[in-house]
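*Asks:* Enclosed is the structure file structure.csv (CSV, C-alpha atoms).
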```
chain,number,residue,atom,x,y,z
A,518,MET,CA,-75.7,-13.4,45.0
A,519,LYS,CA,-77.1,-11.5,47.9
A,520,ILE,CA,-76.9,-12.2,51.7
A,521,ILE,CA,-78.8,-10.0,54.1
A,522,ILE,CA,-77.5,-9.5,57.6
A,523,ALA,CA,-80.4,-8.4,59.9
A,524,GLU,CA,-78.6,-7.3,63.0
A,525,ALA,CA,-79.0,-4.2,65.2
A,526,ASP,CA,-75.8,-4.8,67.3
A,527,ARG,CA,-73.4,-2.6,65.3
A,528,GLU,CA,-70.2,-4.0,66.8
A,529,LEU,CA,-71.2,-7.6,66.1
A,530,CYS,CA,-72.5,-6.7,62.6
A,531,SER,CA,-69.4,-4.8,61.7
A,532,ASP,CA,-67.1,-7.7,62.8
A,533,LEU,CA,-69.2,-10.3,61.0
A,534,CYS,CA,-69.4,-8.3,57.8
A,535,ALA,CA,-65.6,-7.6,57.8
A,536,ARG,CA,-65.0,-11.4,58.0
A,537,LEU,CA,-67.5,-12.1,55.3
A,538,ARG,CA,-66.2,-9.4,52.9
A,539,LYS,CA,-62.8,-11.0,52.9
A,540,ARG,CA,-64.4,-14.2,51.4
A,541,LEU,CA,-67.2,-12.8,49.3
A,542,PRO,CA,-67.3,-10.6,46.1
A,543,ALA,CA,-68.1,-6.9,46.6
A,544,GLY,CA,-71.7,-6.1,46.8
A,545,SER,CA,-72.8,-9.5,48.2
A,546,LEU,CA,-73.8,-8.2,51.6
A,547,GLU,CA,-76.8,-6.0,52.6
A,548,VAL,CA,-77.2,-4.9,56.2
A,549,VAL,CA,-80.6,-4.2,57.8
A,550,ASP,CA,-80.7,-2.9,61.4
A,551,ASP,CA,-84.5,-2.5,61.8
A,552,GLY,CA,-87.0,-5.2,61.5
A,553,ARG,CA,-89.5,-3.0,59.7
A,554,GLY,CA,-87.4,-2.8,56.6
A,555,LEU,CA,-86.3,-6.4,56.3
A,556,MET,CA,-89.2,-7.9,54.2
A,557,GLU,CA,-89.0,-5.0,51.8
A,558,ARG,CA,-85.3,-5.7,51.2
A,559,VAL,CA,-85.9,-9.4,50.8
A,560,LEU,CA,-88.6,-8.9,48.2
A,561,ALA,CA,-86.3,-6.4,46.3
A,562,LEU,CA,-83.0,-8.3,46.5
A,563,HIS,CA,-84.1,-12.0,46.5
A,564,PRO,CA,-81.3,-13.1,48.8
A,565,VAL,CA,-80.2,-16.7,49.0
A,566,LEU,CA,-79.6,-16.3,52.8
A,567,VAL,CA,-80.8,-14.1,55.6
A,568,VAL,CA,-78.9,-14.0,58.9
A,569,LEU,CA,-81.6,-12.9,61.3
A,570,ASP,CA,-81.3,-11.8,64.9
A,571,THR,CA,-84.5,-12.4,66.9
A,572,LEU,CA,-84.1,-9.1,68.7
A,573,LEU,CA,-84.5,-6.4,66.1
A,574,PRO,CA,-86.0,-2.9,66.7
A,575,GLY,CA,-89.3,-2.2,65.0
A,576,ARG,CA,-90.3,-5.8,64.6
A,577,ASP,CA,-89.0,-9.0,66.2
A,578,GLY,CA,-87.1,-11.5,64.2
A,579,LEU,CA,-89.4,-14.4,65.1
A,580,SER,CA,-92.4,-12.8,63.4
A,581,LEU,CA,-90.2,-12.0,60.4
A,582,LEU,CA,-89.1,-15.6,60.2
A,583,HIS,CA,-92.8,-16.6,60.0
A,584,ASP,CA,-93.2,-14.1,57.1
A,585,LEU,CA,-90.2,-15.5,55.3
A,586,ARG,CA,-91.7,-19.0,55.5
A,587,ARG,CA,-94.9,-17.6,53.9
A,588,LEU,CA,-93.1,-16.5,50.8
A,589,PRO,CA,-93.5,-18.7,47.7
A,590,ARG,CA,-91.3,-21.8,48.0
A,591,ASP,CA,-89.0,-20.8,45.1
A,592,SER,CA,-88.5,-17.3,46.6
A,593,GLN,CA,-87.7,-18.3,50.2
A,594,PRO,CA,-84.1,-17.6,51.3
A,595,GLU,CA,-82.4,-19.9,53.7
A,596,VAL,CA,-82.2,-18.4,57.2
A,597,ILE,CA,-79.6,-18.5,60.0
A,598,VAL,CA,-81.1,-17.4,63.3
A,599,LEU,CA,-79.2,-15.6,66.0
A,600,SER,CA,-80.7,-15.1,69.5
A,601,ARG,CA,-79.8,-13.9,72.9
A,602,LEU,CA,-82.8,-15.7,74.4
A,603,LEU,CA,-82.8,-19.3,75.6
A,604,GLY,CA,-86.5,-20.0,76.4
A,605,GLY,CA,-87.6,-23.6,75.6
A,606,ALA,CA,-90.8,-22.3,73.9
A,607,LEU,CA,-88.8,-20.0,71.7
A,608,LEU,CA,-86.4,-22.8,70.7
A,609,THR,CA,-89.3,-25.0,69.8
A,610,GLU,CA,-90.9,-22.4,67.6
A,611,ILE,CA,-87.7,-21.6,65.8
A,612,ALA,CA,-87.1,-25.3,65.2
A,613,GLN,CA,-90.5,-25.7,63.7
A,614,LEU,CA,-89.7,-23.0,61.2
A,615,GLN,CA,-86.7,-25.0,60.0
A,616,PRO,CA,-83.8,-22.5,59.8
A,617,ALA,CA,-80.6,-23.7,58.2
A,618,PHE,CA,-78.8,-23.0,61.5
A,619,PHE,CA,-79.5,-21.5,65.0
A,620,THR,CA,-77.0,-20.2,67.5
A,621,THR,CA,-77.2,-18.2,70.7
A,622,LEU,CA,-75.3,-15.0,71.2
A,623,PRO,CA,-72.5,-14.3,71.9
A,624,CYS,CA,-71.0,-16.9,69.6
A,625,ASP,CA,-67.7,-17.7,67.8
A,626,LEU,CA,-67.8,-15.3,64.8
A,627,GLN,CA,-65.3,-17.3,62.8
A,628,GLU,CA,-67.5,-20.4,63.2
A,629,LEU,CA,-70.6,-18.3,62.3
A,630,THR,CA,-68.8,-17.0,59.2
A,631,GLU,CA,-68.0,-20.5,58.0
A,632,ARG,CA,-71.6,-21.6,58.7
A,633,ILE,CA,-72.8,-18.7,56.5
A,634,LEU,CA,-70.4,-19.5,53.7
A,635,ASN,CA,-71.3,-23.2,53.8
A,636,CYS,CA,-75.0,-22.5,53.8
A,637,CYS,CA,-74.6,-20.4,50.7
A,638,ARG,CA,-72.7,-23.2,49.0
A,639,GLU,CA,-75.4,-25.7,49.9
A,640,GLN,CA,-78.0,-23.4,48.5
A,641,MET,CA,-76.2,-23.4,45.2
A,642,ARG,CA,-75.2,-27.1,45.0
A,643,ALA,CA,-78.0,-29.0,46.7
A,644,GLY,CA,-80.3,-26.7,48.6
A,645,MET,CA,-83.1,-26.6,46.0
A,646,ASP,CA,-86.4,-28.1,47.0
A,647,PRO,CA,-87.0,-31.3,45.0
A,648,ALA,CA,-90.7,-30.3,44.8
A,649,MET,CA,-89.7,-27.4,42.5
A,650,GLY,CA,-90.1,-27.7,38.8
A,651,VAL,CA,-87.0,-27.9,36.7
A,652,ASP,CA,-87.4,-24.4,35.4
A,653,GLN,CA,-87.8,-23.0,38.9
A,654,ARG,CA,-84.7,-24.8,40.0
A,655,ILE,CA,-82.7,-23.6,37.1
A,656,ALA,CA,-83.9,-20.0,37.6
A,657,ARG,CA,-82.9,-20.2,41.2
A,658,GLN,CA,-79.4,-21.4,40.2
A,659,LEU,CA,-79.1,-18.5,37.7
A,660,HIS,CA,-80.3,-15.9,40.2
A,661,ALA,CA,-77.9,-17.2,42.9
A,662,LEU,CA,-75.1,-16.7,40.4
A,663,GLY,CA,-76.1,-13.1,39.9
A,664,LEU,CA,-77.7,-13.2,36.4
A,665,ALA,CA,-80.3,-10.5,35.9
A,666,ALA,CA,-83.7,-12.2,35.9
A,667,ARG,CA,-85.2,-9.7,33.4
A,668,SER,CA,-82.4,-10.1,30.9
A,669,LYS,CA,-82.8,-12.1,27.7
A,670,GLY,CA,-79.7,-14.0,28.5
A,671,PHE,CA,-81.3,-15.3,31.7
A,672,SER,CA,-84.3,-16.7,29.7
A,673,TYR,CA,-82.1,-18.2,27.0
A,674,ALA,CA,-79.7,-19.7,29.5
A,675,ARG,CA,-82.6,-21.3,31.5
A,676,LEU,CA,-83.9,-23.0,28.4
A,677,GLY,CA,-80.3,-24.0,27.3
A,678,ILE,CA,-79.6,-25.6,30.7
A,679,ARG,CA,-82.9,-27.5,30.6
A,680,ARG,CA,-82.2,-28.9,27.1
A,681,ILE,CA,-78.7,-30.0,28.1
A,682,LEU,CA,-80.2,-31.6,31.2
A,683,GLU,CA,-82.6,-33.5,28.9
A,684,ASP,CA,-79.9,-34.3,26.2
A,685,ARG,CA,-76.3,-34.1,27.3
A,686,ARG,CA,-75.1,-34.3,23.7
A,687,LEU,CA,-76.3,-30.7,23.1
A,688,ALA,CA,-73.4,-29.5,25.2
A,689,ASN,CA,-71.2,-30.3,22.3
A,690,ALA,CA,-73.5,-28.9,19.7
A,691,LEU,CA,-74.2,-25.4,20.8
A,692,THR,CA,-73.8,-23.6,17.5
A,693,LYS,CA,-75.4,-26.2,15.3
A,694,GLN,CA,-78.3,-27.3,17.5
A,695,LEU,CA,-78.8,-25.6,20.9
A,696,TYR,CA,-78.6,-22.0,19.8
A,697,PRO,CA,-80.9,-22.5,16.8
A,698,GLU,CA,-83.4,-24.4,19.0
A,699,ILE,CA,-83.5,-21.6,21.6
A,700,ALA,CA,-83.7,-19.0,18.9
A,701,SER,CA,-86.7,-20.8,17.3
A,702,HIS,CA,-88.4,-20.9,20.7
A,703,PHE,CA,-88.0,-17.2,21.3
A,704,GLU,CA,-88.3,-16.1,17.7
A,705,THR,CA,-84.9,-14.6,17.4
A,706,LYS,CA,-81.6,-15.4,15.8
A,707,PRO,CA,-79.0,-17.9,17.0
A,708,ALA,CA,-76.3,-15.2,17.1
A,709,CYS,CA,-78.5,-13.1,19.4
A,710,VAL,CA,-78.9,-16.1,21.7
A,711,GLU,CA,-75.2,-16.7,21.9
A,712,ARG,CA,-74.5,-13.0,22.5
A,713,ALA,CA,-77.2,-12.5,25.1
A,714,ILE,CA,-76.1,-15.5,27.2
A,715,ARG,CA,-72.5,-14.3,27.0
A,716,SER,CA,-73.4,-10.8,28.0
A,717,ALA,CA,-75.5,-12.1,31.0
A,718,ILE,CA,-72.5,-14.2,32.2
A,719,THR,CA,-70.1,-11.4,31.8
A,720,ALA,CA,-72.3,-8.9,33.6
A,721,ALA,CA,-72.7,-11.2,36.6
A,722,TRP,CA,-69.0,-11.9,36.7
A,723,GLN,CA,-67.9,-8.3,36.6
A,724,LYS,CA,-70.6,-6.4,38.5
A,725,GLU,CA,-71.6,-8.7,41.3
A,726,GLY,CA,-69.0,-11.4,41.0
A,727,ILE,CA,-69.8,-15.1,41.2
A,728,LEU,CA,-69.4,-16.5,44.7
A,729,TRP,CA,-68.7,-19.9,43.2
A,730,GLN,CA,-65.9,-18.9,40.9
A,731,THR,CA,-63.3,-20.7,43.1
A,732,THR,CA,-65.3,-23.9,43.2
A,733,LEU,CA,-67.2,-24.1,39.9
A,734,PHE,CA,-65.2,-21.8,37.6
A,735,HIS,CA,-61.6,-20.6,37.9
A,736,GLN,CA,-62.2,-17.9,35.3
A,737,ARG,CA,-65.1,-16.4,33.5
A,738,PRO,CA,-66.8,-19.4,31.9
A,739,THR,CA,-67.7,-19.7,28.2
A,740,ASN,CA,-71.4,-20.2,27.4
A,741,GLY,CA,-70.8,-23.9,27.0
A,742,GLU,CA,-69.0,-24.3,30.3
A,743,PHE,CA,-71.6,-22.3,32.1
A,744,LEU,CA,-74.6,-24.1,30.8
A,745,THR,CA,-73.0,-27.6,31.1
A,746,VAL,CA,-71.8,-27.2,34.6
A,747,LEU,CA,-75.2,-26.0,35.9
A,748,ALA,CA,-77.0,-28.8,34.0
A,749,ASP,CA,-74.6,-31.3,35.6
A,750,LEU,CA,-75.3,-29.9,39.0
A,751,LEU,CA,-79.0,-30.4,38.5
A,752,ARG,CA,-78.4,-33.9,37.2
A,753,GLU,CA,-76.2,-34.8,40.2
A,754,GLU,CA,-78.9,-33.4,42.5
A,755,ALA,CA,-81.6,-35.5,40.8
A,756,ALA,CA,-79.5,-38.6,41.1
A,757,GLY,CA,-78.9,-38.0,44.8
A,758,GLN,CA,-82.6,-37.7,45.4
A,759,MET,CA,-83.1,-41.2,43.9
A,760,GLU,CA,-80.5,-42.9,46.0
```
Would you encode the structure as structure tokens?
*Replies:*
Amino acid sequence: MKIIIAEADRELCSDLCARLRKRLPAGSLEVVDDGRGLMERVLALHPVLVVLDTLLPGRDGLSLLHDLRRLPRDSQPEVIVLSRLLGGALLTEIAQLQPAFFTTLPCDLQELTERILNCCREQMRAGMDPAMGVDQRIARQLHALGLAARSKGFSYARLGIRRILEDRRLANALTKQLYPEIASHFETKPACVERAIRSAITAAWQKEGILWQTTLFHQRPTNGEFLTVLADLLREEAAGQME
């Protein structure tokens, strides 16, 4: 789980990051103070959220917001826009680019902190575009939780979540049905599937931490808990879209 704070005002950035670090796992925040380096960091880190000041040295935040909206749909982070300018044309242009939230500076930093945290929660729980395919939505879930996209556990977990989403009974038949099915698909052994998923979950929990551990999981989840909870989140999201 990564959040990029793109802010050149050192005092504001320091205060905001101090507040966020009290609520987020270590390593969640990345600070960029020059507009020229932001897109490079976005492409490297795949953040779920960018807090973007429109006044950045090197390159203005508004042009960067345009670039963020040109990214593939499943790679676009949510954006919270900060601005010291109040021009009507600027507000119209920002609104057209659909940030998650916009506020003028100076602002109440405690309120901004809560907005950032709530935005991240929405990204995980219900912020995925319904136009995305199921695999894309699952991948975005896993990435948001800190699983390494290149790991075997990531790929195995993605298929496992999709199968539980399709057939809820598989949540109670991991060893007998789900792991063998995944193993057959990837031409490996069921024990390797179980071990790779468990290792991916453990690595995400220990190295980056899971932002949602206080709302989804109270302790490191088992493979079954992890796969089932994420499948249920997707199921709830699909049901909400049909209402």
*Asks:* Between A:Leu581, A:Met518, A:Ser716, A:Arg586, which has the minimum distance to Ala543 in chain A (counting all atoms listed in the file)?
*Replies:*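 Closest candidate: A:Met518.
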*Asks:* May I have the residues within 10 Å of Leu582 in chain A as a count of residues only, using all atoms listed in the file and disregarding those fewer than 3 positions away in the same chain?
*Replies:* 18
*Asks:* Looking at only C-alpha atoms, which of A:Ala665, A:Ile520, A:Ala717, A:Ala656 is the one that sits closest to Arg538 in chain A?
*Replies:*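 For Arg538 in chain A, the nearest of the candidates is A:Ile520.
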*Asks:* Which residue is closest to Glu704 in chain A? Choose from A:Glu753, A:Arg536, A:Leu747, A:Tyr673 and count only C-alpha atoms.
*Replies:* A:Tyr673
*Asks:* So the first atom is CA of Asp652 in chain A and the second is CA of Ser672 in chain A; what is the distance between them in Å, to one decimal place?
*Replies:*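 Atom-to-atom, CA of Asp652 in chain A and CA of Ser672 in chain A are spaced 10.1 Å apart.
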*Asks:* Report the distance between CA of Leu541 in chain A and CA of Leu634 in chain A in Å, rounded to one decimal place.
*Replies:*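 Straight-line distance from CA of Leu541 in chain A to CA of Leu634 in chain A works out to 8.6 Å.
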*Asks:* Skip His702 in chain A itself and residues of its chain fewer than 6 positions away, then list as an MDAnalysis selection string all residues within 12 Å of it, counting all atoms listed in the file.
*Replies:* chainID A and resid 672:673 676:677 680 695:696 710
*Asks:* Pick out the closest residue to Asp532 in chain A from this set: A:Gln653, A:Gln694, A:Asn689, A:Thr630. Count only C-alpha atoms.
*Replies:* A:Thr630
*Asks:* When you write range 655-668 of chain A out from the block above, keep all heavy atoms and present the result as an mmCIF file, in the first residue's frame, please.
*Replies:*
```cif
data_model
loop_
_atom_site.group_PDB
_atom_site.id
_atom_site.type_symbol
_atom_site.label_atom_id
_atom_site.label_comp_id
_atom_site.auth_asym_id
_atom_site.auth_seq_id
_atom_site.Cartn_x
_atom_site.Cartn_y
_atom_site.Cartn_z
ATOM 1 N N ILE A 655 -9.414 -7.929 -8.897
ATOM 2 C CA ILE A 655 -8.741 -8.725 -7.874
ATOM 3 C C ILE A 655 -7.284 -8.315 -7.762
ATOM 4 O O ILE A 655 -6.747 -8.163 -6.660
ATOM 5 C CB ILE A 655 -8.852 -10.226 -8.204
ATOM 6 C CG1 ILE A 655 -10.309 -10.679 -8.153
ATOM 7 C CG2 ILE A 655 -8.006 -11.050 -7.226
ATOM 8 C CD1 ILE A 655 -10.537 -12.087 -8.684
ATOM 9 N N ALA A 656 -6.621 -8.106 -8.900
ATOM 10 C CA ALA A 656 -5.213 -7.700 -8.883
ATOM 11 C C ALA A 656 -5.047 -6.372 -8.163
ATOM 12 O O ALA A 656 -4.086 -6.168 -7.419
ATOM 13 C CB ALA A 656 -4.680 -7.600 -10.315
ATOM 14 N N ARG A 657 -5.988 -5.470 -8.364
ATOM 15 C CA ARG A 657 -5.909 -4.179 -7.697
ATOM 16 C C ARG A 657 -6.084 -4.346 -6.185
ATOM 17 O O ARG A 657 -5.406 -3.686 -5.396
ATOM 18 C CB ARG A 657 -6.977 -3.240 -8.250
ATOM 19 C CG ARG A 657 -6.855 -1.816 -7.730
ATOM 20 C CD ARG A 657 -7.655 -0.873 -8.595
ATOM 21 N NE ARG A 657 -7.563 0.483 -8.097
ATOM 22 C CZ ARG A 657 -8.064 1.530 -8.737
ATOM 23 N NH1 ARG A 657 -8.651 1.369 -9.900
ATOM 24 N NH2 ARG A 657 -7.959 2.750 -8.231
ATOM 25 N N GLN A 658 -6.969 -5.227 -5.780
ATOM 26 C CA GLN A 658 -7.120 -5.539 -4.356
ATOM 27 C C GLN A 658 -5.793 -6.024 -3.776
ATOM 28 O O GLN A 658 -5.325 -5.538 -2.737
ATOM 29 C CB GLN A 658 -8.150 -6.650 -4.158
ATOM 30 C CG GLN A 658 -9.590 -6.236 -4.108
ATOM 31 C CD GLN A 658 -10.450 -7.430 -3.708
ATOM 32 O OE1 GLN A 658 -10.114 -8.571 -3.977
ATOM 33 N NE2 GLN A 658 -11.562 -7.161 -3.069
ATOM 34 N N LEU A 659 -5.206 -7.016 -4.426
ATOM 35 C CA LEU A 659 -3.984 -7.631 -3.913
ATOM 36 C C LEU A 659 -2.842 -6.632 -3.870
ATOM 37 O O LEU A 659 -2.053 -6.598 -2.917
ATOM 38 C CB LEU A 659 -3.600 -8.836 -4.783
ATOM 39 C CG LEU A 659 -4.586 -10.003 -4.759
ATOM 40 C CD1 LEU A 659 -4.177 -11.067 -5.775
ATOM 41 C CD2 LEU A 659 -4.677 -10.607 -3.366
ATOM 42 N N HIS A 660 -2.752 -5.809 -4.906
ATOM 43 C CA HIS A 660 -1.692 -4.801 -4.928
ATOM 44 C C HIS A 660 -1.892 -3.789 -3.817
ATOM 45 O O HIS A 660 -0.941 -3.367 -3.150
ATOM 46 C CB HIS A 660 -1.662 -4.099 -6.286
ATOM 47 C CG HIS A 660 -0.436 -3.269 -6.496
ATOM 48 N ND1 HIS A 660 -0.335 -1.960 -6.060
ATOM 49 C CD2 HIS A 660 0.756 -3.563 -7.053
ATOM 50 C CE1 HIS A 660 0.849 -1.493 -6.365
ATOM 51 N NE2 HIS A 660 1.533 -2.438 -6.955
ATOM 52 N N ALA A 661 -3.136 -3.385 -3.592
ATOM 53 C CA ALA A 661 -3.422 -2.421 -2.533
ATOM 54 C C ALA A 661 -3.042 -2.962 -1.161
ATOM 55 O O ALA A 661 -2.662 -2.206 -0.266
ATOM 56 C CB ALA A 661 -4.909 -2.046 -2.551
ATOM 57 N N LEU A 662 -3.114 -4.269 -1.003
ATOM 58 C CA LEU A 662 -2.775 -4.885 0.272
ATOM 59 C C LEU A 662 -1.292 -5.199 0.397
ATOM 60 O O LEU A 662 -0.851 -5.733 1.407
ATOM 61 C CB LEU A 662 -3.586 -6.164 0.470
ATOM 62 C CG LEU A 662 -5.065 -5.924 0.774
ATOM 63 C CD1 LEU A 662 -5.831 -7.228 0.736
ATOM 64 C CD2 LEU A 662 -5.240 -5.249 2.115
ATOM 65 N N GLY A 663 -0.520 -4.876 -0.638
ATOM 66 C CA GLY A 663 0.924 -5.005 -0.534
ATOM 67 C C GLY A 663 1.514 -6.303 -1.036
ATOM 68 O O GLY A 663 2.708 -6.550 -0.862
ATOM 69 N N LEU A 664 0.729 -7.169 -1.685
ATOM 70 C CA LEU A 664 1.297 -8.393 -2.234
ATOM 71 C C LEU A 664 2.127 -8.068 -3.471
ATOM 72 O O LEU A 664 1.729 -7.253 -4.307
ATOM 73 C CB LEU A 664 0.202 -9.402 -2.608
ATOM 74 C CG LEU A 664 -0.234 -10.347 -1.479
ATOM 75 C CD1 LEU A 664 -1.041 -9.586 -0.434
ATOM 76 C CD2 LEU A 664 -1.029 -11.517 -2.028
ATOM 77 N N ALA A 665 3.283 -8.684 -3.572
ATOM 78 C CA ALA A 665 4.184 -8.429 -4.696
ATOM 79 C C ALA A 665 3.595 -9.009 -5.975
ATOM 80 O O ALA A 665 3.345 -10.218 -6.069
ATOM 81 C CB ALA A 665 5.553 -9.039 -4.425
ATOM 82 N N ALA A 666 3.373 -8.146 -6.970
ATOM 83 C CA ALA A 666 2.685 -8.565 -8.193
ATOM 84 C C ALA A 666 3.445 -9.634 -8.966
ATOM 85 O O ALA A 666 2.842 -10.410 -9.717
ATOM 86 C CB ALA A 666 2.426 -7.352 -9.081
ATOM 87 N N ARG A 667 4.754 -9.689 -8.816
ATOM 88 C CA ARG A 667 5.555 -10.655 -9.575
ATOM 89 C C ARG A 667 5.683 -12.001 -8.869
ATOM 90 O O ARG A 667 6.275 -12.929 -9.413
ATOM 91 C CB ARG A 667 6.944 -10.073 -9.841
ATOM 92 C CG ARG A 667 6.924 -8.833 -10.739
ATOM 93 C CD ARG A 667 8.330 -8.311 -10.985
ATOM 94 N NE ARG A 667 8.303 -7.121 -11.827
ATOM 95 C CZ ARG A 667 9.402 -6.439 -12.185
ATOM 96 N NH1 ARG A 667 10.588 -6.848 -11.764
ATOM 97 N NH2 ARG A 667 9.295 -5.369 -12.945
ATOM 98 N N SER A 668 5.162 -12.097 -7.677
ATOM 99 C CA SER A 668 5.308 -13.343 -6.926
ATOM 100 C C SER A 668 4.302 -14.385 -7.412
ATOM 101 O O SER A 668 3.222 -14.066 -7.908
ATOM 102 C CB SER A 668 5.109 -13.096 -5.426
ATOM 103 O OG SER A 668 3.757 -12.774 -5.150
#
```
